[in-house]
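Beneath this line is the structure, given in structure tokens, with notes to follow.
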Amino acid sequence: MSEVRLHDVELMPERTLGGPDDDEPLRGRLTFGWDVLPADHEGVPAEWTSYVAATPGRTFRHLLMVCSFRPETPTGRGTFRHASLGVALSTPDDGARPVARLIDPGERTRPVAGSGMGMSFTVKAGLLDVGMEKPPGATPEKDEWIVRGHGASQPNPQWEFREVKGFPLIGDHPVAALVELVPDRPNTAEVLVAAELEHRNWGLRRYRARLAPSPHTITLSG
């Protein structure tokens with residue numbers, strides 16, 4: 001059974017022209033946690049089990065991570081619009097790096113209601129009348145991504161998170177990677193989190209936090 005322990009993350013604002021003068025970090029809005037599990041852990045996707053079975057003689061770890069976004073507070077203003085989680089896999093020997101062979105999710109979606117409407121234009125008595133019409137075959141909903149993964153078979157996988165209509169960027173968002181280790185070396189993962197929050201007074205503002213060094217450097221193997 002996985003035991004993900006969440007840690008508070010301080011988000012440091014990036015300086016921008018026209019932004020506020022204070023550089024106070026944003027606290028209490030984002031937590032991050034992880035767990036490193038065996039590749040044959042019972043909770044891994046079935047295709048991961050097949051992949052490991054088809055590549056004997058290699059060593060893998062299931063790296064599970066959770067970003068948890070919290071609602072706005074009186075001391076932590078702003079609404080999450082977009083965020084990213086980047087992982088840099090490494091060993092002390094720069095010539096050999098662990099690789100995220102498979103990632104999950106590649107894409108996580110939610111059904112979003114669309115207007116399904118189009119514009120209609122008619123001229124009556126010399127006046128342009130603009131109306132709304134539903135085109136034939138229009139669908140009331142479409143799937144929009146809320147989490148998207150990049151970097152499979154690379155040493156630096158990344159996930160993006162965003163809000164979509166009807167689904168604010170709040171709550172727990174788990175992601176995972178099947179990491180192939182470099183044998184006979186310490187394997188670690190360094191995490192970088194970035195986020196965009198919209199504020200009422202000065203619009204979008206970017207924040208980032210590098211979750212390193214220890215205790216936020218993730219040890220994959222000793």
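In the structure tokens, chains take letters A, B, ... by order of appearance, with residues numbered from 1 within each chain and ligands from 1 in the order shown.
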| said: Excluding Leu11 of chain A and its own-chain neighbours fewer than 4 positions away, which residues fall within 9 Å of it when counting only C-alpha atoms? Please give them as a list in words. | reply: Glu24, Pro25, Leu26, Arg27, Arg29, Leu30, Val193, Ala194, Ala195, Tyr207, Arg208, Ala209 and Arg210 of chain A
Write a file of the just-selected residues containing all heavy atoms, as a short mmCIF file (atom, residue, chain, number, x, y, z; two decimals), in the first residue's frame.
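New file result.cif:
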```cif
data_model
loop_
_atom_site.label_atom_id
_atom_site.label_comp_id
_atom_site.auth_asym_id
_atom_site.auth_seq_id
_atom_site.Cartn_x
_atom_site.Cartn_y
_atom_site.Cartn_z
N GLU A 24 6.94 38.26 -1.07
CA GLU A 24 6.58 37.25 -0.09
C GLU A 24 6.18 35.96 -0.79
O GLU A 24 5.43 35.98 -1.77
CB GLU A 24 5.42 37.73 0.79
CG GLU A 24 5.79 38.85 1.75
CD GLU A 24 6.80 38.37 2.78
OE1 GLU A 24 6.65 37.23 3.27
OE2 GLU A 24 7.74 39.14 3.08
N PRO A 25 6.69 34.82 -0.33
CA PRO A 25 6.27 33.55 -0.93
C PRO A 25 4.81 33.25 -0.65
O PRO A 25 4.24 33.73 0.33
CB PRO A 25 7.20 32.53 -0.27
CG PRO A 25 7.60 33.16 1.02
CD PRO A 25 7.66 34.63 0.76
N LEU A 26 4.22 32.46 -1.51
CA LEU A 26 2.83 32.04 -1.34
C LEU A 26 2.84 30.72 -0.57
O LEU A 26 3.42 29.73 -1.01
CB LEU A 26 2.18 31.85 -2.71
CG LEU A 26 0.68 31.59 -2.73
CD1 LEU A 26 -0.08 32.79 -2.19
CD2 LEU A 26 0.22 31.29 -4.16
N ARG A 27 2.21 30.73 0.59
CA ARG A 27 2.21 29.56 1.46
C ARG A 27 0.80 29.01 1.65
O ARG A 27 -0.18 29.74 1.54
CB ARG A 27 2.80 29.91 2.83
CG ARG A 27 4.23 30.43 2.80
CD ARG A 27 4.75 30.69 4.21
NE ARG A 27 6.14 31.11 4.21
CZ ARG A 27 6.54 32.38 4.19
NH1 ARG A 27 5.64 33.35 4.16
NH2 ARG A 27 7.83 32.68 4.20
N ARG A 29 -0.94 26.95 -0.18
CA ARG A 29 -1.78 26.75 -1.36
C ARG A 29 -1.43 25.50 -2.14
O ARG A 29 -2.22 25.03 -2.95
CB ARG A 29 -1.68 27.97 -2.29
CG ARG A 29 -2.16 29.28 -1.68
CD ARG A 29 -3.65 29.24 -1.38
NE ARG A 29 -4.43 28.82 -2.52
CZ ARG A 29 -4.76 29.60 -3.54
NH1 ARG A 29 -4.38 30.87 -3.55
NH2 ARG A 29 -5.49 29.13 -4.54
N LEU A 30 -0.20 24.99 -1.95
CA LEU A 30 0.24 23.83 -2.72
C LEU A 30 1.02 22.88 -1.82
O LEU A 30 1.88 23.31 -1.05
CB LEU A 30 1.12 24.27 -3.89
CG LEU A 30 1.76 23.15 -4.73
CD1 LEU A 30 0.68 22.35 -5.45
CD2 LEU A 30 2.75 23.73 -5.73
N VAL A 193 8.48 22.77 -9.45
CA VAL A 193 7.06 23.08 -9.61
C VAL A 193 6.92 24.54 -10.00
O VAL A 193 7.59 25.41 -9.43
CB VAL A 193 6.29 22.82 -8.30
CG1 VAL A 193 4.83 23.26 -8.44
CG2 VAL A 193 6.34 21.35 -7.92
N ALA A 194 6.07 24.82 -10.97
CA ALA A 194 5.76 26.19 -11.36
C ALA A 194 4.25 26.33 -11.45
O ALA A 194 3.54 25.35 -11.72
CB ALA A 194 6.41 26.55 -12.69
N ALA A 195 3.75 27.54 -11.20
CA ALA A 195 2.30 27.75 -11.22
C ALA A 195 1.97 29.16 -11.67
O ALA A 195 2.78 30.09 -11.47
CB ALA A 195 1.71 27.48 -9.83
N TYR A 207 4.73 31.73 -10.32
CA TYR A 207 5.47 31.31 -9.13
C TYR A 207 6.23 30.03 -9.47
O TYR A 207 5.83 29.28 -10.35
CB TYR A 207 4.52 31.01 -7.96
CG TYR A 207 3.71 32.17 -7.47
CD1 TYR A 207 2.57 32.58 -8.17
CD2 TYR A 207 4.05 32.86 -6.32
CE1 TYR A 207 1.81 33.65 -7.71
CE2 TYR A 207 3.30 33.93 -5.85
CZ TYR A 207 2.17 34.31 -6.56
OH TYR A 207 1.42 35.36 -6.11
N ARG A 208 7.32 29.78 -8.73
CA ARG A 208 8.01 28.50 -8.89
C ARG A 208 8.71 28.11 -7.60
O ARG A 208 8.97 28.94 -6.74
CB ARG A 208 8.99 28.54 -10.07
CG ARG A 208 10.15 29.48 -9.95
CD ARG A 208 11.05 29.35 -11.18
NE ARG A 208 10.32 29.56 -12.42
CZ ARG A 208 10.25 28.65 -13.39
NH1 ARG A 208 10.87 27.49 -13.27
NH2 ARG A 208 9.58 28.90 -14.49
N ALA A 209 8.97 26.81 -7.50
CA ALA A 209 9.64 26.27 -6.32
C ALA A 209 10.44 25.05 -6.74
O ALA A 209 9.89 24.13 -7.36
CB ALA A 209 8.64 25.90 -5.23
N ARG A 210 11.73 25.06 -6.42
CA ARG A 210 12.57 23.89 -6.68
C ARG A 210 12.63 23.08 -5.40
O ARG A 210 13.09 23.56 -4.36
CB ARG A 210 13.97 24.32 -7.11
CG ARG A 210 14.86 23.14 -7.51
CD ARG A 210 16.22 23.64 -7.96
NE ARG A 210 16.14 24.48 -9.14
CZ ARG A 210 16.09 24.03 -10.38
NH1 ARG A 210 16.08 22.72 -10.60
NH2 ARG A 210 16.03 24.85 -11.40
#
```
| field | Non-local contacts of segment 33-43 of chain A (9 Å; only C-alpha atoms; under 4 positions in same chain excluded) as JSON, numbers by chain | value | {"A": [1, 2, 3, 4, 5, 6, 7, 8, 48, 49, 52, 59, 60, 61, 62, 63, 64, 65, 66, 67, 68, 178, 179, 216, 218, 219, 220]}
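Minimum atom-to-atom distances from A:Phe32, A:Trp145, A:Tyr51, A:Trp159 to Val87 of chain A were compared using only C-alpha atoms, and the lowest value belongs to A:Trp159.
Residues surrounding Phe161 of chain A within 7 Å are His82, Ala83, Ser84, Ile146, Val147 and Arg148 of chain A [only C-alpha atoms; sequence separation below 5 positions excluded].
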Written file, previous selection with C-alpha atoms, as a tab-separated table (two decimals), in the first residue's frame:
```tsv
chain	number	residue	atom	x	y	z
A	82	HIS	CA	-2.05	26.50	-14.78
A	83	ALA	CA	0.78	24.58	-13.14
A	84	SER	CA	3.62	22.28	-14.14
A	146	ILE	CA	-6.80	18.83	-17.13
A	147	VAL	CA	-3.48	16.93	-16.78
A	148	ARG	CA	-1.09	16.25	-19.65
```
| field | Contacts of Gly86 of chain A at 10 Å (only C-alpha atoms; same-chain gap of 4+ positions) as a PyMOL selection string | value | chain A and resi 149-151+156-160+189-194+210
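Note that the spacing between atom CA of Val175 of chain A and atom CA of Val44 of chain A amounts to 11.6 Å.
Taking only C-alpha atoms into account, Asp104 of chain A lies nearest to A:Pro174 out of the set A:Pro155, A:Pro13, A:Gly203, A:Pro174.
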| request: Report as a ChimeraX atom specification: the residues of segment 36-84 of chain A with a DSSP assignment of helix (DSSP H, G or I), based on the backbone of this structure. | output: /A:46-53
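Taking atom CA of Ala46 of chain A as the reference point, atom CA of His173 of chain A is found at 20.4 Å.
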If we count only C-alpha atoms, what is near Pro71 of chain A at a cut-off of 10 Å, once residues fewer than 6 positions away on the same chain are taken out, given as a compact mmCIF listing (two decimals) with N, CA and C atoms, in the first residue's frame?
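The resulting selection-v5.txt:
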```txt
# COMPACT_ATOMS: atom_id res chain seq x y z
N GLY A 28 0.73 27.71 1.91
CA GLY A 28 -0.55 27.09 2.23
C GLY A 28 -1.45 26.81 1.06
N ARG A 29 -0.94 26.95 -0.18
CA ARG A 29 -1.78 26.75 -1.36
C ARG A 29 -1.43 25.50 -2.14
N LEU A 30 -0.20 24.99 -1.95
CA LEU A 30 0.24 23.83 -2.72
C LEU A 30 1.02 22.88 -1.82
N ARG A 77 -3.90 34.69 -1.60
CA ARG A 77 -4.85 35.08 -2.64
C ARG A 77 -4.46 34.50 -4.00
N GLY A 78 -5.46 34.44 -4.88
CA GLY A 78 -5.21 34.01 -6.25
C GLY A 78 -5.88 32.69 -6.58
N THR A 79 -6.22 32.53 -7.85
CA THR A 79 -6.85 31.31 -8.35
C THR A 79 -5.89 30.59 -9.29
N PHE A 80 -5.64 29.31 -9.03
CA PHE A 80 -4.77 28.54 -9.91
C PHE A 80 -5.37 28.44 -11.31
N PRO A 168 -12.27 23.60 -11.57
CA PRO A 168 -11.16 24.44 -11.10
C PRO A 168 -9.96 23.58 -10.72
N LEU A 169 -8.81 24.21 -10.75
CA LEU A 169 -7.57 23.51 -10.41
C LEU A 169 -7.43 23.46 -8.89
N ILE A 170 -8.14 22.51 -8.30
CA ILE A 170 -8.18 22.33 -6.84
C ILE A 170 -8.19 20.82 -6.57
N GLY A 171 -7.55 20.43 -5.48
CA GLY A 171 -7.60 19.04 -5.06
C GLY A 171 -6.33 18.28 -5.41
```
| query | Got a sec to tell me which of segment 49-91 of chain A DSSP assigns to strand (DSSP E or B), as JSON, numbers by chain? | reply | {"A": [60, 61, 62, 63, 64, 65, 66, 67, 68, 69, 73, 76, 79, 80, 81, 82, 83, 84, 85, 86, 87, 88, 89, 90]}
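Going from atom CA of Gln154 of chain A over to atom CA of Val99 of chain A, you cover 5.2 Å.
The environment of Asp143 of chain A within 6 Å, counting only C-alpha atoms and disregarding residues fewer than 3 places along the same chain, consists of Thr109, Arg110, Pro111 and Val112 of chain A.
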Could the residues in this selection be written to a file with N, CA, C and O atoms, as a PDB file, in the first residue's frame?
```
ATOM      1  N   THR A 109      -8.612  13.723 -18.821  1.00  0.00           N
ATOM      2  CA  THR A 109      -9.589  14.665 -19.357  1.00  0.00           C
ATOM      3  C   THR A 109     -10.852  14.715 -18.495  1.00  0.00           C
ATOM      4  O   THR A 109     -11.098  13.842 -17.669  1.00  0.00           O
ATOM      5  N   ARG A 110     -11.639  15.744 -18.738  1.00  0.00           N
ATOM      6  CA  ARG A 110     -12.950  15.884 -18.139  1.00  0.00           C
ATOM      7  C   ARG A 110     -13.926  16.361 -19.217  1.00  0.00           C
ATOM      8  O   ARG A 110     -13.553  17.142 -20.091  1.00  0.00           O
ATOM      9  N   PRO A 111     -15.185  15.898 -19.164  1.00  0.00           N
ATOM     10  CA  PRO A 111     -16.171  16.379 -20.141  1.00  0.00           C
ATOM     11  C   PRO A 111     -16.595  17.805 -19.805  1.00  0.00           C
ATOM     12  O   PRO A 111     -17.007  18.101 -18.685  1.00  0.00           O
ATOM     13  N   VAL A 112     -16.450  18.672 -20.778  1.00  0.00           N
ATOM     14  CA  VAL A 112     -16.768  20.085 -20.583  1.00  0.00           C
ATOM     15  C   VAL A 112     -17.932  20.454 -21.481  1.00  0.00           C
ATOM     16  O   VAL A 112     -17.908  20.182 -22.688  1.00  0.00           O
TER      17      VAL A 112
END
```
